[in-house]
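What follows is a set of notes on a single structure, which appears directly below.
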Amino acid sequence: MTGMDEVRNALDVAELQGLWAAAREAMSGSKPTFRLELPDDATRAAVGELYGRPMWGEGTRISVSKLDESLRNRFGVGLSQVIEALHGSVAVVAPAPESADELLPVLDEHGLAGASWAAPWLRWMRQYGRIAESELTGITHAAARVLTAMSLTEPPRSWTSRAALAGRTGFPHSLDDGTALSRVVLKAAALAQGIEPPGNERDRRALWERCGVAPDAVSSTVLTWALPVTGDDAWSAGVRARTELGLPTHLTHLDLDAAPARLVAGGTAVAVCEHPRVLEAAVREGLRHPVICLSGLPSTTARELLDRLSGDGAVLHVHTDFDWPGIAAALTAQRHGATPWRMSGDDYRAALDRAAQDRTDLPNLIGSPVPTPWDPQLADLMSTTSRAIEEEQTLQPLLADLRNGL
């Protein structure tokens, strides 16, 4: 039995007939995705196993390039070959292997030719990227200039705005949503991250941020109070002046770009909280201890600020709500240099006891459990009691720590 005979035996089954018909139609029309009906459990199981993710509901959207990659990884043949073997050829000419090779030197100029995602990305660009042949070299150059400035495989340690990144191409709007360049850059990023290409604005924003790119330099903020900045420049003077006026400061990526390279002296203790009420209480009581408020899961600006302060040698202490989103925020802050503060199982139990003594109603703990590696018993206790404790309910012990300088 030949290799293609084995492919036919594996793929020419009733549960996959709808997939091949829809894929053939999509390829004939050069469509990057297609809608597939999933009428029963057997079809959902067969398509999910082949495509590489569980299928739910009565239909789903399939990426032609992702299906092609799945087939190549599993059977060593591409989608065009499978369609031809099962149903005859389609009116789409697959590029010869040397076609992609013509663009590899372009990537090589930027040190990207050896990346694991490079070859499938170039193949996708030619087949499904909707880029004219005459424009392929130019857009590959532009995309490579952008991609080299992104964190494609490692977590970002700093963020740049999408407009600043687009400036590398000479066109400030070249990475706006819907542009050809943004489409091909995000495809490369998705391949590098091993995830599905984004299909909506929320997913596109998440992928940009995952690669160290903020959608802009001003919308992402972090709320701060009494940061003891040490610079003698106008920016530092402005932050200190707001503290003297009893006012907190919202910082953006643009602010951090304008800030001096060093922000605070080594050894400076900084409190990191989740709830704005903690920072407000510190301001109203005139506590000049520096506080950073995350307001939920840390924004890109908050993460950049934490990284910079940690790099300065500051000692960061993080406290959040005792609920699963709060624990996730604490974990993120911990990855950026912060140490959990009053976040042990004993602290949680003490807060439960205070609530019982004061007859305070506690909300139910909802969502999926999140591990607490700094104290595993905390996650166990939270799961067992199934009660959430908001940071505001632990305010007095936190303020006492700020008065005493942590």
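Chain labels A, B, ... are given in the sequence in which chains occur in the structure tokens; within each chain residues are numbered consecutively from 1, and ligands are likewise numbered from 1 in the order shown.
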
Legend entry - 10 Å contact set for A:Gly405, only C-alpha atoms, chain neighbours under 3 positions out, as JSON, numbers by chain: {"A": [268, 269, 270, 271, 287, 288, 289, 290, 399, 400, 401, 402]}

Put those residues in a file: N, CA and C atoms, as a tab-separated table (two decimals), in the first residue's frame.
```tsv
chain	number	residue	atom	x	y	z
A	268	THR	N	14.29	50.41	47.86
A	268	THR	CA	13.02	51.08	48.14
A	268	THR	C	11.90	50.06	48.22
A	269	ALA	N	11.16	50.08	49.32
A	269	ALA	CA	10.02	49.17	49.49
A	269	ALA	C	8.79	49.78	48.84
A	270	VAL	N	8.14	49.01	47.96
A	270	VAL	CA	6.96	49.49	47.23
A	270	VAL	C	5.81	48.50	47.45
A	271	ALA	N	4.67	49.02	47.88
A	271	ALA	CA	3.49	48.19	48.05
A	271	ALA	C	2.73	48.13	46.72
A	287	LEU	N	-0.16	58.83	54.20
A	287	LEU	CA	0.95	57.88	54.27
A	287	LEU	C	1.79	58.01	53.02
A	288	ARG	N	3.04	58.40	53.19
A	288	ARG	CA	3.89	58.63	52.02
A	288	ARG	C	4.63	57.36	51.58
A	289	HIS	N	4.12	56.23	51.96
A	289	HIS	CA	4.72	54.99	51.49
A	289	HIS	C	4.30	54.77	50.03
A	290	PRO	N	5.24	54.45	49.12
A	290	PRO	CA	4.87	54.26	47.71
A	290	PRO	C	3.93	53.08	47.52
A	399	LEU	N	-2.83	48.96	55.91
A	399	LEU	CA	-2.44	50.34	56.25
A	399	LEU	C	-1.45	50.36	57.41
A	400	ALA	N	-1.62	49.45	58.34
A	400	ALA	CA	-0.67	49.38	59.45
A	400	ALA	C	0.73	49.05	58.94
A	401	ASP	N	0.80	48.16	57.98
A	401	ASP	CA	2.12	47.84	57.37
A	401	ASP	C	2.71	49.05	56.67
A	402	LEU	N	1.85	49.81	55.96
A	402	LEU	CA	2.36	51.00	55.26
A	402	LEU	C	2.86	52.04	56.26
```

Inset, instruction - Determine the nearest neighbour of A:Asp321 from the options A:Arg308, A:Arg342, A:Lys66, A:Arg202, counting only C-alpha atoms. - result: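 Going through A:Arg308, A:Arg342, A:Lys66, A:Arg202 one by one, the smallest distance to A:Asp321 is for A:Arg342.
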
Give the strand (DSSP E) residues of stretch 104-284 of chain A, as assigned by DSSP on the backbone, as a compact mmCIF listing (two decimals) with N, CA and C atoms, in the first residue's frame.
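Final output, selection.txt:
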```txt
# COMPACT_ATOMS: atom_id res chain seq x y z
N THR A 160 6.23 48.26 23.61
CA THR A 160 6.26 49.40 22.71
C THR A 160 4.87 49.58 22.12
N SER A 161 4.52 50.79 21.74
CA SER A 161 3.19 51.01 21.17
C SER A 161 3.18 50.53 19.72
N VAL A 213 3.60 44.32 22.55
CA VAL A 213 3.14 45.49 21.79
C VAL A 213 1.84 45.99 22.41
N ALA A 214 1.82 47.23 22.87
CA ALA A 214 0.60 47.85 23.37
C ALA A 214 -0.14 48.48 22.19
N THR A 221 -2.84 52.20 31.57
CA THR A 221 -2.33 53.04 32.66
C THR A 221 -2.07 52.21 33.91
N VAL A 222 -1.33 52.81 34.82
CA VAL A 222 -1.15 52.23 36.15
C VAL A 222 -1.22 53.39 37.15
N LEU A 223 -1.98 53.17 38.22
CA LEU A 223 -2.19 54.21 39.24
C LEU A 223 -1.09 54.09 40.30
N THR A 224 -0.44 55.20 40.61
CA THR A 224 0.67 55.19 41.58
C THR A 224 0.48 56.29 42.62
N TRP A 225 1.13 56.07 43.77
CA TRP A 225 1.11 57.07 44.83
C TRP A 225 2.49 57.14 45.49
N THR A 249 -0.80 59.57 40.79
CA THR A 249 -0.39 59.80 39.40
C THR A 249 -0.70 58.57 38.55
N HIS A 250 -1.45 58.79 37.47
CA HIS A 250 -1.65 57.73 36.48
C HIS A 250 -0.50 57.79 35.47
N LEU A 251 0.20 56.69 35.32
CA LEU A 251 1.29 56.63 34.35
C LEU A 251 0.87 55.81 33.14
N THR A 252 1.30 56.24 31.97
CA THR A 252 1.07 55.52 30.72
C THR A 252 2.42 55.05 30.16
N ALA A 269 11.16 50.08 49.32
CA ALA A 269 10.02 49.17 49.49
C ALA A 269 8.79 49.78 48.84
N VAL A 270 8.14 49.01 47.96
CA VAL A 270 6.96 49.49 47.23
C VAL A 270 5.81 48.50 47.45
N ALA A 271 4.67 49.02 47.88
CA ALA A 271 3.49 48.19 48.05
C ALA A 271 2.73 48.13 46.72
N VAL A 272 2.30 46.93 46.35
CA VAL A 272 1.52 46.72 45.13
C VAL A 272 0.18 46.13 45.55
N CYS A 273 -0.91 46.85 45.29
CA CYS A 273 -2.23 46.39 45.69
C CYS A 273 -3.08 46.17 44.44
```

Inset, instruction - Kindly give the distance, in Å, that separates atom CA of A:Thr320 and atom CA of A:Ala241, rounded to a single decimal. - result: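 If I compute the distance from atom CA of A:Thr320 to atom CA of A:Ala241, I get 28.3 Å.
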
Legend entry - Test item: residues at most 8 Å from A:Ala22, only C-alpha atoms, excluding those fewer than 5 positions along its chain, as a ChimeraX atom specification: /A:34-36

Residue subset to file, keeping all heavy atoms, as a PDB file, in the first residue's frame:
```
ATOM      1  N   PHE A  34     -13.216  28.935   6.479  1.00  0.00           N
ATOM      2  CA  PHE A  34     -14.542  28.524   6.016  1.00  0.00           C
ATOM      3  C   PHE A  34     -15.367  28.019   7.187  1.00  0.00           C
ATOM      4  O   PHE A  34     -14.828  27.580   8.209  1.00  0.00           O
ATOM      5  CB  PHE A  34     -14.457  27.465   4.915  1.00  0.00           C
ATOM      6  CG  PHE A  34     -13.759  26.191   5.325  1.00  0.00           C
ATOM      7  CD1 PHE A  34     -14.445  25.132   5.912  1.00  0.00           C
ATOM      8  CD2 PHE A  34     -12.389  26.047   5.111  1.00  0.00           C
ATOM      9  CE1 PHE A  34     -13.802  23.966   6.282  1.00  0.00           C
ATOM     10  CE2 PHE A  34     -11.727  24.876   5.477  1.00  0.00           C
ATOM     11  CZ  PHE A  34     -12.440  23.828   6.067  1.00  0.00           C
ATOM     12  N   ARG A  35     -16.660  28.101   7.042  1.00  0.00           N
ATOM     13  CA  ARG A  35     -17.596  27.627   8.058  1.00  0.00           C
ATOM     14  C   ARG A  35     -17.872  26.150   7.821  1.00  0.00           C
ATOM     15  O   ARG A  35     -18.135  25.727   6.696  1.00  0.00           O
ATOM     16  CB  ARG A  35     -18.903  28.417   7.977  1.00  0.00           C
ATOM     17  CG  ARG A  35     -20.057  27.890   8.827  1.00  0.00           C
ATOM     18  CD  ARG A  35     -19.873  28.220  10.274  1.00  0.00           C
ATOM     19  NE  ARG A  35     -21.011  27.735  11.071  1.00  0.00           N
ATOM     20  CZ  ARG A  35     -21.081  27.835  12.389  1.00  0.00           C
ATOM     21  NH1 ARG A  35     -20.102  28.419  13.063  1.00  0.00           N
ATOM     22  NH2 ARG A  35     -22.129  27.375  13.041  1.00  0.00           N
ATOM     23  N   LEU A  36     -17.794  25.342   8.892  1.00  0.00           N
ATOM     24  CA  LEU A  36     -18.032  23.910   8.784  1.00  0.00           C
ATOM     25  C   LEU A  36     -19.160  23.514   9.731  1.00  0.00           C
ATOM     26  O   LEU A  36     -19.118  23.834  10.923  1.00  0.00           O
ATOM     27  CB  LEU A  36     -16.766  23.124   9.137  1.00  0.00           C
ATOM     28  CG  LEU A  36     -16.892  21.599   9.130  1.00  0.00           C
ATOM     29  CD1 LEU A  36     -17.175  21.107   7.715  1.00  0.00           C
ATOM     30  CD2 LEU A  36     -15.648  20.942   9.697  1.00  0.00           C
TER      31      LEU A  36
END
```

Inset, instruction - Per DSSP on the backbone, filter stretch 52-256 of chain A down to the residues in helix (DSSP H, G or I) and report them as a ChimeraX atom specification. - result: /A:64-75,79-87,97-101,104-109,118-128,133-147,162-169,180-193,201-210,234-244,253-256

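If only C-alpha atoms are the atoms counted, then among A:Ser116, A:Thr43, A:Gln17, A:Thr148 the closest residue to A:Met55 is A:Thr43.
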
Inset, instruction - For each of A:Ala45, A:Ala329, A:Val283, A:Ala356, take the minimum atom-to-atom distance to A:Ser299, counting only C-alpha atoms, then give the residue where this is smallest. - result: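 Among the listed residues, the smallest separation from A:Ser299 belongs to A:Ala329.
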
Legend entry - One-decimal distance in Å that lies between atom CA of A:Ser80 and atom CA of A:Leu107: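 Distance between the two atoms: 25.9 Å.
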
Please provide as a short mmCIF file (atom, residue, chain, number, x, y, z; two decimals) with all heavy atoms, in the first residue's frame all residues within 10 Å of A:Pro260, with the sequence filter that same-chain residues fewer than 5 positions apart are discarded (counting only C-alpha atoms).
```cif
data_model
loop_
_atom_site.label_atom_id
_atom_site.label_comp_id
_atom_site.auth_asym_id
_atom_site.auth_seq_id
_atom_site.Cartn_x
_atom_site.Cartn_y
_atom_site.Cartn_z
N VAL A 229 10.72 59.00 43.28
CA VAL A 229 11.62 59.08 42.13
C VAL A 229 12.82 59.96 42.49
O VAL A 229 12.70 60.96 43.20
CB VAL A 229 10.88 59.61 40.89
CG1 VAL A 229 9.86 58.60 40.39
CG2 VAL A 229 10.18 60.92 41.19
N THR A 230 13.98 59.56 41.98
CA THR A 230 15.22 60.21 42.41
C THR A 230 15.79 61.18 41.39
O THR A 230 16.76 61.89 41.70
CB THR A 230 16.28 59.14 42.71
OG1 THR A 230 16.48 58.34 41.53
CG2 THR A 230 15.84 58.24 43.85
N GLY A 231 15.22 61.24 40.20
CA GLY A 231 15.80 62.07 39.15
C GLY A 231 15.69 63.56 39.44
O GLY A 231 14.80 64.00 40.18
N ASP A 232 16.59 64.34 38.83
CA ASP A 232 16.53 65.80 38.97
C ASP A 232 15.98 66.45 37.71
O ASP A 232 16.16 67.63 37.46
CB ASP A 232 17.93 66.36 39.29
CG ASP A 232 18.97 65.98 38.23
OD1 ASP A 232 18.59 65.34 37.21
OD2 ASP A 232 20.15 66.32 38.42
N ASP A 233 15.27 65.66 36.89
CA ASP A 233 14.68 66.13 35.63
C ASP A 233 13.26 66.62 35.87
O ASP A 233 12.68 66.43 36.96
CB ASP A 233 14.68 65.00 34.61
CG ASP A 233 13.92 63.79 35.12
OD1 ASP A 233 14.39 63.15 36.11
OD2 ASP A 233 12.84 63.50 34.58
N ALA A 234 12.68 67.22 34.85
CA ALA A 234 11.33 67.78 34.97
C ALA A 234 10.28 66.70 35.20
O ALA A 234 9.30 66.91 35.94
CB ALA A 234 11.00 68.58 33.71
N TRP A 235 10.45 65.54 34.57
CA TRP A 235 9.48 64.45 34.74
C TRP A 235 9.42 64.03 36.21
O TRP A 235 8.34 63.94 36.79
CB TRP A 235 9.89 63.26 33.87
CG TRP A 235 8.90 62.14 33.82
CD1 TRP A 235 7.91 61.95 32.90
CD2 TRP A 235 8.79 61.04 34.75
NE1 TRP A 235 7.19 60.80 33.19
CE2 TRP A 235 7.71 60.22 34.32
CE3 TRP A 235 9.50 60.67 35.90
CZ2 TRP A 235 7.34 59.07 34.99
CZ3 TRP A 235 9.12 59.51 36.58
CH2 TRP A 235 8.05 58.72 36.13
N SER A 236 10.57 63.78 36.80
CA SER A 236 10.62 63.37 38.21
C SER A 236 10.06 64.46 39.12
O SER A 236 9.33 64.18 40.08
CB SER A 236 12.05 63.03 38.61
OG SER A 236 12.56 61.98 37.82
N ASP A 255 4.41 58.03 29.46
CA ASP A 255 5.09 58.55 30.65
C ASP A 255 6.37 57.78 30.91
O ASP A 255 7.43 58.38 31.18
CB ASP A 255 4.18 58.43 31.87
CG ASP A 255 3.05 59.45 31.86
OD1 ASP A 255 3.34 60.64 31.96
OD2 ASP A 255 1.90 59.03 31.73
#
```

Legend entry - Shell around A:Glu69 at 12 Å using only C-alpha atoms, local window under 2 positions removed, as a list of chain:residue names: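 So, after excluding close chain neighbours, the residues are A:Leu50, A:Tyr51, A:Gly52, A:Ser63, A:Val64, A:Ser65, A:Lys66, A:Leu67, A:Leu71, A:Arg72, A:Asn73, A:Arg74, A:Phe75, A:Gly76, A:Val77, A:Gly78, A:Leu79, A:Ser80, A:Trp117, A:Ala119, A:Pro120, A:Trp121, A:Arg123, A:Trp124, A:Leu191, A:Gly194, A:Glu196.
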
For those residues, write N, CA and C atoms to a file as a short mmCIF file (atom, residue, chain, number, x, y, z; two decimals), in the first residue's frame.
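What follows is the written file part-v8.cif:
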```
data_model
loop_
_atom_site.label_atom_id
_atom_site.label_comp_id
_atom_site.auth_asym_id
_atom_site.auth_seq_id
_atom_site.Cartn_x
_atom_site.Cartn_y
_atom_site.Cartn_z
N LEU A 50 -8.49 15.60 14.04
CA LEU A 50 -7.65 15.97 12.90
C LEU A 50 -7.14 17.40 13.02
N TYR A 51 -8.01 18.31 13.46
CA TYR A 51 -7.66 19.74 13.48
C TYR A 51 -6.81 20.11 14.69
N GLY A 52 -6.90 19.29 15.75
CA GLY A 52 -6.03 19.52 16.89
C GLY A 52 -6.65 20.31 18.02
N SER A 63 -9.60 27.32 9.83
CA SER A 63 -8.54 28.03 9.12
C SER A 63 -7.91 27.09 8.10
N VAL A 64 -7.88 27.50 6.84
CA VAL A 64 -7.30 26.66 5.79
C VAL A 64 -5.83 26.38 6.08
N SER A 65 -5.10 27.41 6.49
CA SER A 65 -3.67 27.23 6.75
C SER A 65 -3.43 26.32 7.94
N LYS A 66 -4.27 26.45 9.00
CA LYS A 66 -4.12 25.58 10.17
C LYS A 66 -4.44 24.13 9.80
N LEU A 67 -5.46 23.91 9.00
CA LEU A 67 -5.79 22.55 8.54
C LEU A 67 -4.64 21.97 7.72
N LEU A 71 -2.40 18.61 8.71
CA LEU A 71 -2.22 17.47 7.81
C LEU A 71 -0.74 17.20 7.55
N ARG A 72 0.04 18.26 7.36
CA ARG A 72 1.47 18.06 7.12
C ARG A 72 2.16 17.45 8.34
N ASN A 73 1.79 17.92 9.52
CA ASN A 73 2.41 17.40 10.73
C ASN A 73 2.05 15.94 10.97
N ARG A 74 0.82 15.55 10.60
CA ARG A 74 0.36 14.20 10.92
C ARG A 74 0.59 13.19 9.80
N PHE A 75 0.42 13.66 8.54
CA PHE A 75 0.50 12.72 7.41
C PHE A 75 1.63 13.04 6.43
N GLY A 76 2.26 14.19 6.59
CA GLY A 76 3.35 14.55 5.70
C GLY A 76 2.91 15.05 4.35
N VAL A 77 1.63 15.35 4.19
CA VAL A 77 1.11 15.90 2.93
C VAL A 77 0.24 17.09 3.25
N GLY A 78 0.16 18.03 2.30
CA GLY A 78 -0.62 19.23 2.51
C GLY A 78 -2.08 19.07 2.12
N LEU A 79 -2.86 20.10 2.40
CA LEU A 79 -4.30 20.05 2.13
C LEU A 79 -4.58 19.87 0.65
N SER A 80 -3.84 20.57 -0.22
CA SER A 80 -4.07 20.43 -1.66
C SER A 80 -3.92 18.99 -2.12
N TRP A 117 8.87 29.10 12.69
CA TRP A 117 7.63 29.55 12.06
C TRP A 117 7.86 30.14 10.68
N ALA A 119 9.20 29.11 7.63
CA ALA A 119 8.78 28.41 6.41
C ALA A 119 7.26 28.30 6.30
N PRO A 120 6.55 27.85 7.35
CA PRO A 120 5.08 27.82 7.21
C PRO A 120 4.47 29.19 7.03
N TRP A 121 5.10 30.21 7.61
CA TRP A 121 4.57 31.57 7.43
C TRP A 121 4.71 32.01 5.99
N ARG A 123 4.90 30.10 3.39
CA ARG A 123 3.96 29.30 2.59
C ARG A 123 2.55 29.86 2.72
N TRP A 124 2.17 30.22 3.95
CA TRP A 124 0.84 30.81 4.16
C TRP A 124 0.70 32.12 3.42
N LEU A 191 1.89 31.85 14.76
CA LEU A 191 2.68 30.65 14.49
C LEU A 191 3.81 30.51 15.51
N GLY A 194 2.38 29.41 18.73
CA GLY A 194 1.69 28.13 18.69
C GLY A 194 0.22 28.22 19.02
N GLU A 196 -3.91 29.78 17.66
CA GLU A 196 -4.75 30.12 16.51
C GLU A 196 -4.61 31.60 16.16
#
```

Inset, instruction - Grab the atom CA of A:Ala189 to atom CA of A:Arg162 distance for me, in Å with one decimal place. - result: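 Distance between the two atoms: 14.0 Å.
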
Legend entry - Selection near A:Val315, 12 Å with only C-alpha atoms, sequence-local residues under 3 positions removed, as a list of chain:residue names: A:Val264, A:Ala265, A:Gly266, A:Gly267, A:Thr268, A:Ala269, A:Val270, A:Ala271, A:Val272, A:Pro290, A:Val291, A:Leu306, A:Asp307, A:Arg308, A:Leu309, A:Ser310, A:Gly311, A:Asp312, A:Val318, A:Gln334, A:His336, A:Gly337, A:Ala338, A:Thr339, A:Pro340, A:Trp341, A:Gly405, A:Leu406

Inset, instruction - Can you work out which one of A:Leu227, A:Leu104, A:Leu152, A:Ile389 has the shortest atom-to-atom distance to A:Asp353, counting only C-alpha atoms? - result: A:Ile389

Legend entry - Nearby residues (only C-alpha atoms) at most 8 Å from A:Leu175, same-chain spacing under 2 positions excluded, as a list of chain:residue names: A:Arg162, A:Ala163, A:Ala166, A:Pro172, A:His173, A:Asp177, A:Thr179, A:Leu181, A:Ser182
